[in-house]
file start.txt (compact mmCIF, C-alpha atoms)
# COMPACT_ATOMS: atom_id res chain seq x y z
CA MET A 190 14.55 -20.55 50.37
CA LYS A 191 17.60 -18.61 49.21
CA ARG A 192 18.92 -21.72 47.45
CA ILE A 193 15.61 -22.15 45.59
CA ASN A 194 15.66 -18.50 44.49
CA ASN A 195 19.20 -18.90 43.17
CA THR A 196 18.10 -21.97 41.20
CA VAL A 197 15.17 -20.08 39.68
CA ILE A 198 17.40 -17.14 38.74
CA ALA A 199 19.95 -19.46 37.14
CA PHE A 200 17.22 -21.24 35.16
CA SER A 201 15.77 -17.90 34.01
CA LEU A 202 19.18 -16.76 32.86
CA PHE A 203 19.62 -20.02 30.92
CA ILE A 204 16.23 -19.58 29.21
CA GLY A 205 17.07 -15.96 28.39
CA ILE A 206 20.41 -16.93 26.82
CA ALA A 207 18.74 -19.71 24.82
CA ASN A 208 16.09 -17.31 23.49
CA ALA A 209 18.73 -14.75 22.61
CA ASN A 210 20.64 -17.34 20.63
CA ALA A 211 17.47 -18.46 18.84
CA GLN A 212 16.65 -14.93 17.70
CA GLU A 213 18.47 -13.01 15.05
CA LYS A 214 19.05 -9.34 15.89
CA LYS A 215 18.89 -6.65 13.25
CA GLN A 216 19.51 -2.93 13.59
CA LEU A 217 17.11 -0.92 11.48
CA THR A 218 16.49 2.77 10.81
CA LEU A 219 13.04 3.95 9.86
CA ASP A 220 14.05 4.72 6.26
CA GLU A 221 15.51 1.23 5.90
CA ALA A 222 12.32 -0.25 7.31
CA VAL A 223 10.20 1.71 4.83
CA GLN A 224 12.27 0.51 1.89
CA MET A 225 12.06 -3.11 3.06
CA GLY A 226 8.33 -2.77 3.61
CA ILE A 227 7.84 -1.50 0.06
CA GLN A 228 10.04 -4.21 -1.44
CA ASN A 229 8.20 -7.02 0.34
CA SER A 230 4.64 -5.69 0.18
CA LYS A 231 2.06 -8.20 -1.02
CA ASN A 232 -0.23 -5.34 -2.06
CA LEU A 233 2.41 -3.96 -4.41
CA LYS A 234 2.72 -7.37 -6.06
CA ILE A 235 -0.99 -7.16 -6.81
CA ASP A 236 -0.47 -3.64 -8.16
CA ALA A 237 2.33 -4.89 -10.41
CA ALA A 238 -0.06 -7.44 -11.89
CA LYS A 239 -2.61 -4.67 -12.51
CA ILE A 240 0.03 -2.65 -14.38
CA GLU A 241 0.81 -5.70 -16.51
CA GLU A 242 -2.89 -6.08 -17.26
CA ALA A 243 -3.20 -2.40 -18.28
CA THR A 244 -0.08 -2.73 -20.43
CA ALA A 245 -1.58 -5.76 -22.17
CA ASP A 246 -4.74 -3.74 -22.87
CA LEU A 247 -2.56 -1.05 -24.44
CA LEU A 248 -0.86 -3.67 -26.62
CA ASP A 249 -4.26 -4.96 -27.70
CA ALA A 250 -5.33 -1.43 -28.66
CA LYS A 251 -2.16 -0.92 -30.71
CA ASN A 252 -2.63 -4.26 -32.46
CA LYS A 253 -5.93 -3.02 -33.91
CA GLN A 254 -4.09 -0.59 -36.19
CA LEU A 255 -2.00 -3.40 -37.71
CA PRO A 256 -3.14 -5.48 -40.72
CA ASP A 257 -4.78 -8.87 -40.26
CA LEU A 258 -3.46 -11.68 -42.43
CA LYS A 259 -5.34 -14.97 -42.39
CA LEU A 260 -4.43 -18.22 -44.11
CA SER A 261 -6.77 -21.15 -44.52
CA GLY A 262 -6.69 -24.44 -46.36
CA SER A 263 -9.07 -27.34 -46.67
CA TYR A 264 -9.22 -30.73 -48.32
CA MET A 265 -12.58 -32.26 -49.09
CA ARG A 266 -13.32 -35.79 -50.22
CA LEU A 267 -16.37 -35.97 -52.47
CA THR A 268 -18.73 -38.92 -52.84
CA ASN A 269 -20.56 -39.40 -56.17
CA ALA A 270 -20.43 -35.70 -56.96
CA LYS A 271 -21.87 -34.86 -60.40
CA VAL A 272 -21.00 -31.50 -61.94
CA ASP A 273 -22.78 -30.41 -65.10
CA LEU A 274 -20.92 -27.80 -67.12
CA LYS A 275 -22.77 -26.17 -69.97
CA PHE A 276 -21.02 -24.21 -72.68
CA LEU A 277 -23.26 -21.97 -74.72
CA GLY A 278 -22.58 -21.81 -78.43
CA GLU A 279 -23.55 -19.13 -80.96
CA SER A 280 -27.01 -20.60 -81.31
CA GLY A 281 -27.54 -20.42 -77.57
CA SER A 282 -27.86 -24.18 -77.29
CA GLY A 283 -25.61 -25.77 -74.71
CA ASN A 284 -23.79 -29.03 -74.61
CA GLY A 285 -23.54 -30.47 -71.11
CA GLU A 286 -20.59 -32.43 -69.89
CA MET A 287 -20.78 -34.36 -66.65
CA ALA A 288 -17.73 -34.43 -64.37
CA ALA A 289 -17.34 -36.46 -61.20
CA PRO A 290 -14.39 -35.11 -59.13
CA LYS A 291 -13.43 -37.26 -56.20
CA SER A 292 -11.70 -34.54 -54.12
CA VAL A 293 -11.22 -30.78 -53.86
CA PHE A 294 -8.35 -28.81 -52.34
CA LEU A 295 -8.97 -25.14 -51.48
CA GLY A 296 -6.43 -22.65 -50.12
CA GLN A 297 -6.80 -18.93 -49.56
CA ALA A 298 -5.15 -15.94 -47.93
CA SER A 299 -6.91 -12.73 -46.92
CA LEU A 300 -5.41 -9.41 -45.88
CA SER A 301 -7.24 -6.52 -44.25
CA MET A 302 -5.66 -3.26 -43.12
CA PRO A 303 -7.78 -0.57 -41.49
CA LEU A 304 -7.62 2.82 -43.17
CA TYR A 305 -10.37 4.69 -41.32
CA ALA A 306 -12.43 3.70 -38.31
CA GLY A 307 -13.84 7.04 -37.23
CA GLY A 308 -11.03 7.47 -34.67
CA ARG A 309 -11.93 4.39 -32.64
CA ILE A 310 -8.44 2.90 -32.93
CA LYS A 311 -6.64 6.16 -32.20
CA TYR A 312 -8.80 7.00 -29.20
CA GLY A 313 -8.52 3.44 -27.93
CA ILE A 314 -4.72 3.61 -27.94
CA GLU A 315 -4.60 6.99 -26.19
CA SER A 316 -7.15 5.88 -23.62
CA ALA A 317 -5.16 2.71 -22.87
CA LYS A 318 -2.01 4.80 -22.35
CA TYR A 319 -3.79 6.94 -19.75
CA LEU A 320 -5.03 3.84 -17.95
CA VAL A 321 -1.49 2.43 -17.78
CA GLU A 322 -0.32 5.67 -16.18
CA ALA A 323 -3.27 5.56 -13.80
CA ALA A 324 -2.29 2.04 -12.70
CA LYS A 325 1.30 3.17 -12.10
CA LEU A 326 0.16 6.19 -10.09
CA SER A 327 -2.13 4.00 -8.00
CA THR A 328 0.90 1.88 -7.18
CA GLU A 329 2.80 4.97 -6.05
CA ASN A 330 -0.16 5.94 -3.87
CA ASP A 331 -0.09 2.49 -2.27
CA LYS A 332 3.63 2.91 -1.61
CA THR A 333 2.88 6.05 0.39
CA ALA A 334 0.27 4.20 2.44
CA ILE A 335 2.71 1.33 3.05
CA ALA A 336 5.41 3.80 4.12
CA TYR A 337 3.08 5.20 6.77
CA ASN A 338 1.99 1.74 7.96
CA VAL A 339 5.64 0.81 8.44
CA ALA A 340 6.30 4.10 10.23
CA GLN A 341 3.35 3.44 12.52
CA ALA A 342 4.60 -0.06 13.35
CA TYR A 343 8.12 1.28 13.85
CA ASN A 344 6.75 3.95 16.19
CA ASN A 345 4.89 1.36 18.27
CA LEU A 346 8.04 -0.72 18.56
CA PHE A 347 10.04 2.35 19.61
CA LYS A 348 7.52 3.36 22.29
CA ALA A 349 7.44 -0.18 23.68
CA SER A 350 11.25 -0.46 23.79
CA GLN A 351 11.67 2.93 25.46
CA SER A 352 8.96 2.16 28.00
CA ILE A 353 10.81 -1.04 28.86
CA LYS A 354 14.01 0.92 29.53
CA VAL A 355 12.28 3.43 31.81
CA LEU A 356 10.38 0.73 33.70
CA GLU A 357 13.47 -1.45 34.12
CA GLU A 358 15.36 1.49 35.61
CA ASN A 359 12.49 2.23 37.99
CA LEU A 360 12.09 -1.44 38.88
CA THR A 361 15.76 -1.66 39.83
CA ALA A 362 15.40 1.42 42.03
CA SER A 363 12.18 0.09 43.55
CA VAL A 364 13.76 -3.27 44.40
CA LYS A 365 16.66 -1.52 46.13
CA ARG A 366 14.16 0.63 48.02
CA ASP A 367 12.32 -2.51 49.15
CA GLU A 368 15.59 -3.92 50.50
CA THR A 369 16.20 -0.72 52.40
CA PHE A 370 12.66 -0.64 53.81
CA LEU A 371 12.99 -4.27 54.93
CA LYS A 372 16.04 -3.34 56.96
CA LEU A 373 14.20 -0.34 58.39
CA GLU A 374 11.29 -2.58 59.35
CA ASN A 375 13.60 -5.08 61.00
CA ASN A 376 15.10 -2.21 62.99
CA GLY A 377 11.68 -0.95 64.01
CA VAL A 378 11.97 2.33 62.08
CA ILE A 379 8.94 1.81 59.80
CA ALA A 380 5.80 -0.23 60.17
CA ARG A 381 5.28 -3.48 58.27
CA ASN A 382 2.27 -1.97 56.55
CA ASP A 383 4.44 0.78 55.01
CA ARG A 384 6.96 -1.77 53.78
CA LEU A 385 4.15 -3.78 52.18
CA LYS A 386 2.93 -0.63 50.38
CA ALA A 387 6.40 -0.29 48.86
CA ASN A 388 6.35 -3.95 47.84
CA LEU A 389 2.98 -3.42 46.17
CA GLN A 390 4.43 -0.50 44.22
CA THR A 391 7.25 -2.77 43.02
CA SER A 392 4.73 -5.39 41.93
CA ASN A 393 2.80 -2.75 39.98
CA ILE A 394 5.99 -1.72 38.17
CA GLU A 395 6.67 -5.39 37.38
CA LEU A 396 3.19 -5.69 35.86
CA GLN A 397 3.74 -2.56 33.79
CA LEU A 398 7.06 -3.96 32.62
CA LEU A 399 5.43 -7.26 31.63
CA GLU A 400 2.79 -5.37 29.65
CA ALA A 401 5.46 -3.26 27.94
CA LYS A 402 7.44 -6.37 26.98
CA ASN A 403 4.29 -8.04 25.67
CA ASN A 404 3.53 -4.95 23.56
CA TYR A 405 7.12 -4.98 22.33
CA ASN A 406 6.96 -8.63 21.27
CA ILE A 407 3.70 -8.09 19.39
CA ALA A 408 5.05 -4.95 17.72
CA ASN A 409 8.26 -6.79 16.80
CA ILE A 410 6.36 -9.65 15.13
CA ASN A 411 4.18 -7.15 13.28
CA MET A 412 7.29 -5.37 11.97
CA ASP A 413 8.89 -8.66 10.92
CA LEU A 414 5.81 -9.58 8.88
CA LEU A 415 5.62 -6.12 7.28
CA LEU A 416 9.28 -6.27 6.28
CA GLY A 417 9.29 -9.87 5.09
CA LEU A 418 11.66 -11.01 7.86
CA PRO A 419 11.49 -14.23 9.89
CA GLU A 420 9.21 -13.80 12.90
CA THR A 421 12.12 -14.62 15.22
CA THR A 422 14.11 -11.57 14.10
CA GLU A 423 14.56 -9.11 16.97
CA LEU A 424 14.69 -5.56 15.66
CA GLU A 425 16.78 -2.84 17.26
CA ILE A 426 15.20 0.57 16.75
CA ASP A 427 17.11 3.77 16.13
CA PRO A 428 16.34 5.88 19.24
CA ASN A 429 17.21 9.10 17.41
CA TYR A 430 14.43 8.84 14.87
CA ILE A 431 12.13 11.00 17.02
CA ASP A 432 14.54 13.89 16.47
CA GLU A 433 13.52 14.03 12.78
CA ILE A 434 10.56 16.30 13.53
CA GLN A 435 10.74 19.47 11.46
CA ASP A 436 9.12 22.81 11.99
CA ALA A 437 5.79 22.84 10.22
CA LYS A 438 5.27 25.21 7.32
CA PRO A 439 1.98 27.08 6.74
CA VAL A 440 -0.97 24.83 5.98
CA SER A 441 -1.24 26.38 2.50
CA TYR A 442 2.15 24.87 1.69
CA TYR A 443 0.92 21.35 2.46
CA LEU A 444 -2.30 21.91 0.51
CA ASN A 445 -0.27 22.89 -2.57
CA GLU A 446 2.00 19.88 -2.06
CA ALA A 447 -1.02 17.60 -1.94
CA GLN A 448 -2.43 18.99 -5.19
CA GLN A 449 0.90 18.38 -6.94
CA ASN A 450 1.96 15.09 -5.38
CA ARG A 451 -1.12 13.07 -4.33
CA LYS A 452 -0.87 10.04 -6.59
CA ASP A 453 -4.52 9.07 -6.14
CA LEU A 454 -5.52 12.51 -7.42
CA LEU A 455 -3.13 12.23 -10.37
CA ALA A 456 -4.36 8.70 -11.13
CA LEU A 457 -7.94 9.94 -11.14
CA ASP A 458 -6.94 12.66 -13.60
CA GLN A 459 -5.55 10.00 -15.94
CA GLN A 460 -8.77 8.02 -15.63
CA ARG A 461 -10.80 11.13 -16.50
CA LYS A 462 -8.70 11.67 -19.63
CA ALA A 463 -9.19 8.04 -20.61
CA ALA A 464 -12.94 8.37 -20.09
CA ALA A 465 -13.06 11.47 -22.30
CA LEU A 466 -11.36 9.54 -25.09
CA GLY A 467 -13.75 6.66 -24.48
CA THR A 468 -16.61 9.04 -25.21
CA LYS A 469 -15.00 10.06 -28.50
CA ALA A 470 -14.48 6.42 -29.41
CA ALA A 471 -18.13 5.70 -28.64
CA LYS A 472 -19.21 8.53 -30.95
CA ALA A 473 -17.08 6.99 -33.70
CA GLU A 474 -19.35 3.92 -33.65
CA ASN A 475 -21.74 5.96 -35.82
CA TYR A 476 -19.15 6.32 -38.60
CA PRO A 477 -18.34 3.78 -41.33
CA THR A 478 -15.08 1.84 -41.41
CA VAL A 479 -12.80 1.68 -44.42
CA ALA A 480 -10.15 -1.00 -44.91
CA LEU A 481 -7.68 -2.03 -47.59
CA THR A 482 -8.37 -5.65 -48.52
CA GLY A 483 -6.45 -8.24 -50.46
CA GLY A 484 -6.63 -11.94 -51.04
CA TYR A 485 -5.31 -14.99 -52.86
CA ILE A 486 -7.24 -18.12 -53.80
CA ALA A 487 -6.02 -21.47 -55.08
CA ALA A 488 -8.21 -24.48 -55.84
CA ASP A 489 -7.73 -27.86 -57.40
CA ALA A 490 -10.31 -30.51 -58.27
CA PRO A 491 -8.50 -33.30 -60.20
CA LYS A 492 -9.83 -33.86 -63.72
CA PHE A 493 -12.25 -31.01 -63.19
CA ILE A 494 -10.83 -27.55 -62.44
CA THR A 495 -7.60 -25.88 -61.30
CA ILE A 496 -7.35 -22.27 -60.12
CA TYR A 497 -4.16 -20.44 -59.20
CA ASN A 498 -2.80 -16.87 -59.08
CA ALA A 499 -6.29 -15.61 -58.26
CA VAL A 500 -5.17 -12.42 -56.53
CA ASN A 501 -7.58 -9.66 -55.54
CA VAL A 502 -6.95 -6.18 -54.13
CA GLY A 503 -9.57 -3.63 -53.17
CA VAL A 504 -11.09 -1.31 -50.63
CA GLY A 505 -13.87 -2.40 -48.32
CA VAL A 506 -16.41 -0.14 -46.66
CA SER A 507 -18.74 -1.28 -43.90
CA TYR A 508 -21.48 0.57 -42.05
CA ASN A 509 -24.03 -0.75 -39.64
CA LEU A 510 -27.37 0.62 -40.82
CA ALA A 511 -28.88 -0.27 -37.47
CA ASN A 512 -27.11 2.83 -36.12
CA LEU A 513 -29.83 4.86 -37.86
CA TRP A 514 -32.53 3.65 -35.47
CA LYS A 515 -30.60 2.23 -32.50
CA GLN A 516 -29.41 4.59 -29.77
CA ASN A 517 -25.70 4.57 -28.98
CA SER A 518 -25.70 2.92 -25.54
CA ALA A 519 -21.90 2.87 -25.41
CA LEU A 520 -21.86 6.66 -25.74
CA LYS A 521 -24.34 7.09 -22.90
CA GLN A 522 -22.33 4.73 -20.69
CA SER A 523 -19.13 6.61 -21.41
CA ARG A 524 -20.70 9.98 -20.63
CA ALA A 525 -22.06 8.58 -17.36
CA ARG A 526 -18.56 7.34 -16.56
CA GLU A 527 -17.21 10.84 -17.15
CA MET A 528 -19.83 12.35 -14.84
CA GLN A 529 -18.98 9.79 -12.17
CA LEU A 530 -15.26 10.52 -12.37
CA ASP A 531 -15.87 14.29 -12.28
CA ALA A 532 -17.92 13.92 -9.11
CA THR A 533 -15.29 11.61 -7.63
CA ASN A 534 -12.63 14.20 -8.41
CA GLU A 535 -14.56 16.92 -6.58
CA LEU A 536 -15.11 14.63 -3.59
CA LEU A 537 -11.46 13.60 -3.49
CA ASN A 538 -10.33 17.24 -3.56
CA ASP A 539 -12.61 18.03 -0.63
CA ASN A 540 -11.32 15.00 1.29
CA ILE A 541 -7.72 16.00 0.63
CA LYS A 542 -8.35 19.49 1.99
CA LEU A 543 -9.98 17.99 5.08
CA GLU A 544 -7.19 15.42 5.59
CA VAL A 545 -4.38 17.95 5.22
CA ASN A 546 -5.98 20.45 7.58
CA LYS A 547 -6.81 17.71 10.09
CA GLU A 548 -3.31 16.20 10.11
CA TYR A 549 -1.75 19.67 10.18
CA GLN A 550 -3.69 20.40 13.38
CA ASN A 551 -2.78 16.99 14.81
CA ALA A 552 0.91 17.54 14.06
CA ASP A 553 0.83 20.95 15.73
CA TYR A 554 -1.07 19.52 18.70
CA SER A 555 1.46 16.70 19.06
CA LYS A 556 4.36 19.13 19.16
CA GLN A 557 2.65 21.19 21.86
CA ARG A 558 2.07 18.04 23.91
CA ILE A 559 5.82 17.44 24.06
CA ALA A 560 6.40 20.76 25.86
CA VAL A 561 3.61 20.01 28.32
CA PHE A 562 4.88 16.48 29.07
CA GLU A 563 8.46 17.72 29.47
CA LYS A 564 7.25 20.34 31.93
CA SER A 565 5.25 17.68 33.78
CA ALA A 566 8.29 15.39 33.90
CA VAL A 567 10.44 18.13 35.41
CA GLN A 568 7.75 18.83 37.99
CA ALA A 569 7.23 15.13 38.77
CA ASN A 570 10.95 14.46 39.16
CA GLU A 571 11.37 17.48 41.42
CA ASN A 572 8.28 16.51 43.39
CA TYR A 573 9.68 13.03 43.96
CA ARG A 574 13.03 14.45 45.05
CA ILE A 575 11.35 16.76 47.58
CA THR A 576 8.96 14.07 48.81
CA LYS A 577 11.84 11.60 49.19
CA ASN A 578 13.79 14.15 51.21
CA LYS A 579 10.74 14.81 53.41
CA PHE A 580 10.17 11.07 53.87
CA ASP A 581 13.79 10.56 54.91
CA ASN A 582 13.26 13.28 57.52
CA GLY A 583 9.95 11.91 58.70
CA LEU A 584 7.88 14.74 57.17
CA ALA A 585 6.08 12.70 54.48
CA THR A 586 4.15 9.45 54.56
CA MET A 587 4.94 6.29 52.64
CA THR A 588 1.78 6.82 50.54
CA GLU A 589 2.96 10.29 49.50
CA LEU A 590 6.36 8.90 48.52
CA LEU A 591 4.90 6.08 46.43
CA ASP A 592 2.42 8.41 44.75
CA ALA A 593 5.26 10.75 43.84
CA ASP A 594 7.26 7.82 42.43
CA ALA A 595 4.31 6.61 40.33
CA ALA A 596 3.76 10.14 38.99
CA GLN A 597 7.44 10.35 38.11
CA ILE A 598 7.35 7.11 36.12
CA SER A 599 4.18 8.13 34.29
CA ALA A 600 5.59 11.55 33.38
CA ASN A 601 8.89 10.18 32.06
CA VAL A 602 7.14 7.57 29.93
CA GLY A 603 4.74 10.29 28.76
CA VAL A 604 7.61 12.40 27.41
CA ILE A 605 8.89 9.51 25.29
CA ASN A 606 5.45 8.65 23.98
CA ALA A 607 4.68 12.29 23.19
CA LYS A 608 7.86 12.66 21.13
CA ALA A 609 7.17 9.41 19.28
CA ASP A 610 3.57 10.43 18.60
CA ALA A 611 4.74 13.81 17.27
CA ALA A 612 7.19 12.12 14.90
CA LEU A 613 4.42 9.84 13.65
CA ALA A 614 1.95 12.74 13.31
CA TYR A 615 4.44 14.61 11.12
CA ARG A 616 4.81 11.58 8.87
CA LYS A 617 1.03 11.27 8.69
CA LEU A 618 0.93 14.87 7.50
CA LEU A 619 3.47 14.03 4.81
CA GLN A 620 1.35 11.06 3.75
CA THR A 621 -1.67 13.30 3.19
CA THR A 622 0.48 15.43 0.85
CA GLY A 623 1.77 12.39 -1.06
CA THR A 624 5.42 13.17 -0.18
CA LEU A 625 6.10 10.64 2.57
CA THR A 626 8.43 8.42 0.50
CA ILE A 627 10.15 11.38 -1.27
CA LYS A 628 13.63 12.19 0.01

call {"tool": "encode", "arguments": {"input": "start.txt", "output": "structure tokens"}}
result
Amino acid sequence: MKRINNTVIAFSLFIGIANANAQEKKQLTLDEAVQMGIQNSKNLKIDAAKIEEATADLLDAKNKQLPDLKLSGSYMRLTNAKVDLKFLGESGSGNGEMAAPKSVFLGQASLSMPLYAGGRIKYGIESAKYLVEAAKLSTENDKTAIAYNVAQAYNNLFKASQSIKVLEENLTASVKRDETFLKLENNGVIARNDRLKANLQTSNIELQLLEAKNNYNIANINMDLLLGLPETTELEIDPNYIDEIQDAKPVSYYLNEAQQNRKDLLALDQQRKAAALGTKAAKAENYPTVALTGGYIAADAPKFITIYNAVNVGVGVSYNLANLWKQNSALKQSRAREMQLDATNELLNDNIKLEVNKEYQNADYSKQRIAVFEKSAVQANENYRITKNKFDNGLATMTELLDADAAQISANVGVINAKADAALAYRKLLQTTGTLTIK
């Protein structure tokens, strides 16, 4: 039996070494993870495309203030065309001459430059600029959300890795205790039932350790995908990141920070400005447009007519008379858009106040939990020490000893988790203020 166990252990060690060689290890701080997450985010690539689209719309708006120059040329082959030209003399009688051109060539150039369009072009350009800024601010808001998602994944990986350390230490101690109890049983000091209770405790710790390792592997793969790393990359977490918790300032401070730094709020403000200009542009639809026009025409019909240097310059005015009886639907749509954005702005401000106050309370609650868990850990460790001493002197039962050991493990893991949760809660508070990625 001992030989079989040695074989199994040797095989397990071989598999462990093979897996370690297959995986690439990478040490990573939280700030480094956030930067990698932002650089490799698929959502930000979509945002970049949206910025390009908004920039193209701005270019299109600017192009409308530039002149249009059009060139056209055509060649026409005529079949049995008869042209009757009549020249009137002094008597008013006309002599007709019949011409039969076989082909006609026509070329022309036209130039049109807007001089006045009721402000439509100007407002369109300014509105497009605001929408470009809104797209950029939306990207910054997504960066903040990504930073928190990475921090959350990093926190889960940290908690899993620290739980593994605590459980491995307790498993080692439990295995040694089982060896001691086996000797005591063989010497008739303790009953077999008590030794089996200790073995059951060891098995429970092994199950907890397996669960912690499973959670760690899942969290590690999740982090790899977020950071754009191969799924086989094993990440080593900075254990000191939980010490980054800072003393919270008054809630009014975070509310002011949110008003100044929330990118979704700033983006909405840009959209509101664009909508206001859209309303002005819609009003301009009721005004005429004035443009400077110019053109050049050349024509040639062999043995019939030739025209060249036919240059024209003038000013064109256009006005849609239908505006006199048609209602301006574009204006009504734009005003409705303004009302919608105003209501959205009020709702967003209320949500920001709620989020900041909620996460402020959660951050404060998380910090208070640390003190409670640390106190519980001290009590649990001392309780185990006393119970162990009593058990060694025959004053405590095996059940009491195992219960004290389980409470000790739970309390020590609870301290780690409480500190990690407090660090994450503080970063969540920073996210609600829009300052999570600001250093």

call {"tool": "residues_around", "arguments": {"input": "start.txt", "residues": "Ser301 of chain A", "least_positions_apart": "2", "cutoff": "9 Å", "atoms": "all atoms listed in the file", "output": "PyMOL selection string"}}
result
chain A and resi 255-259+299+303+480-484+505

call {"tool": "atom_distance", "arguments": {"input": "start.txt", "atom1": "atom CA of Glu213 of chain A", "atom2": "atom CA of Phe347 of chain A"}}
result
18.1 Å

call {"tool": "residues_around", "arguments": {"input": "start.txt", "residues": "Asn540 of chain A", "least_positions_apart": "6", "cutoff": "12 Å", "atoms": "only C-alpha atoms", "output": "list in words"}}
result
Leu444, Ala447, Gln448, Arg451, Asp453, Leu454, Thr533, Asn534, Asn546, Lys547, Glu548, Thr621 and Thr622 of chain A

call {"tool": "residues_around", "arguments": {"input": "start.txt", "residues": "Leu385 of chain A", "least_positions_apart": "5", "cutoff": "9 Å", "atoms": "only C-alpha atoms", "output": "list of chain:residue names"}}
result
A:Asp367, A:Ala380, A:Gln390

call {"tool": "residues_around", "arguments": {"input": "start.txt", "residues": "segment 612-615 of chain A", "least_positions_apart": "6", "cutoff": "12 Å", "atoms": "all atoms listed in the file", "output": "ChimeraX atom specification"}}
result
/A:219,336-345,347-348,428-438,443,545,547-556,558-559,605-606,621-622,624-625

call {"tool": "closest_residue", "arguments": {"input": "start.txt", "among": "A:Ala362, A:Leu416, A:Leu510, A:Ala465", "to": "Asp594 of chain A", "atoms": "all atoms listed in the file"}}
result
A:Ala362

call {"tool": "residues_near_point", "arguments": {"input": "start.txt", "point": "(7.4, 10.2, 36.6)", "cutoff": "12 Å", "atoms": "all atoms listed in the file", "output": "PyMOL selection string"}}
result
chain A and resi 352+355-356+358-359+562-574+591-605

call {"tool": "write_last_selection", "arguments": {"input": "start.txt", "atoms": "C-alpha atoms", "output": "PDB file, in the coordinates of the input"}}
result
ATOM      1  CA  SER A 352       8.960   2.160  28.000  1.00  0.00           C
ATOM      2  CA  VAL A 355      12.280   3.430  31.810  1.00  0.00           C
ATOM      3  CA  LEU A 356      10.380   0.730  33.700  1.00  0.00           C
ATOM      4  CA  GLU A 358      15.360   1.490  35.610  1.00  0.00           C
ATOM      5  CA  ASN A 359      12.490   2.230  37.990  1.00  0.00           C
ATOM      6  CA  PHE A 562       4.880  16.480  29.070  1.00  0.00           C
ATOM      7  CA  GLU A 563       8.460  17.720  29.470  1.00  0.00           C
ATOM      8  CA  LYS A 564       7.250  20.340  31.930  1.00  0.00           C
ATOM      9  CA  SER A 565       5.250  17.680  33.780  1.00  0.00           C
ATOM     10  CA  ALA A 566       8.290  15.390  33.900  1.00  0.00           C
ATOM     11  CA  VAL A 567      10.440  18.130  35.410  1.00  0.00           C
ATOM     12  CA  GLN A 568       7.750  18.830  37.990  1.00  0.00           C
ATOM     13  CA  ALA A 569       7.230  15.130  38.770  1.00  0.00           C
ATOM     14  CA  ASN A 570      10.950  14.460  39.160  1.00  0.00           C
ATOM     15  CA  GLU A 571      11.370  17.480  41.420  1.00  0.00           C
ATOM     16  CA  ASN A 572       8.280  16.510  43.390  1.00  0.00           C
ATOM     17  CA  TYR A 573       9.680  13.030  43.960  1.00  0.00           C
ATOM     18  CA  ARG A 574      13.030  14.450  45.050  1.00  0.00           C
ATOM     19  CA  LEU A 591       4.900   6.080  46.430  1.00  0.00           C
ATOM     20  CA  ASP A 592       2.420   8.410  44.750  1.00  0.00           C
ATOM     21  CA  ALA A 593       5.260  10.750  43.840  1.00  0.00           C
ATOM     22  CA  ASP A 594       7.260   7.820  42.430  1.00  0.00           C
ATOM     23  CA  ALA A 595       4.310   6.610  40.330  1.00  0.00           C
ATOM     24  CA  ALA A 596       3.760  10.140  38.990  1.00  0.00           C
ATOM     25  CA  GLN A 597       7.440  10.350  38.110  1.00  0.00           C
ATOM     26  CA  ILE A 598       7.350   7.110  36.120  1.00  0.00           C
ATOM     27  CA  SER A 599       4.180   8.130  34.290  1.00  0.00           C
ATOM     28  CA  ALA A 600       5.590  11.550  33.380  1.00  0.00           C
ATOM     29  CA  ASN A 601       8.890  10.180  32.060  1.00  0.00           C
ATOM     30  CA  VAL A 602       7.140   7.570  29.930  1.00  0.00           C
ATOM     31  CA  GLY A 603       4.740  10.290  28.760  1.00  0.00           C
ATOM     32  CA  VAL A 604       7.610  12.400  27.410  1.00  0.00           C
ATOM     33  CA  ILE A 605       8.890   9.510  25.290  1.00  0.00           C
TER      34      ILE A 605
END

call {"tool": "residues_around", "arguments": {"input": "start.txt", "residues": "Glu322 of chain A", "least_positions_apart": "3", "cutoff": "8 Å", "atoms": "all atoms listed in the file", "output": "JSON, numbers by chain"}}
result
{"A": [318, 319, 325, 326, 456, 459]}

call {"tool": "atom_distance", "arguments": {"input": "start.txt", "atom1": "atom CA of Ile353 of chain A", "atom2": "atom CA of Asp610 of chain A"}}
result
17.0 Å

call {"tool": "closest_residue", "arguments": {"input": "start.txt", "among": "A:Ala387, A:Met587, A:Ser523, A:Ala488", "to": "Glu368 of chain A", "atoms": "only C-alpha atoms"}}
result
A:Ala387

call {"tool": "closest_residue", "arguments": {"input": "start.txt", "among": "A:Thr576, A:Gln224, A:Ser292, A:Asn406", "to": "Ser263 of chain A", "atoms": "only C-alpha atoms"}}
result
A:Ser292

call {"tool": "atom_distance", "arguments": {"input": "start.txt", "atom1": "atom CA of Ala609 of chain A", "atom2": "atom CA of Val561 of chain A"}}
result
14.4 Å

call {"tool": "closest_residue", "arguments": {"input": "start.txt", "among": "A:Ser507, A:Asn382, A:Thr333, A:Asn512", "to": "Ser230 of chain A", "atoms": "all atoms listed in the file"}}
result
A:Thr333

call {"tool": "closest_residue", "arguments": {"input": "start.txt", "among": "A:Ala289, A:Leu300, A:Ala222, A:Ala490", "to": "Glu425 of chain A", "atoms": "all atoms listed in the file"}}
result
A:Ala222

call {"tool": "closest_residue", "arguments": {"input": "start.txt", "among": "A:Ser261, A:Gln297, A:Asn578, A:Ser316", "to": "Asp249 of chain A", "atoms": "only C-alpha atoms"}}
result
A:Ser316
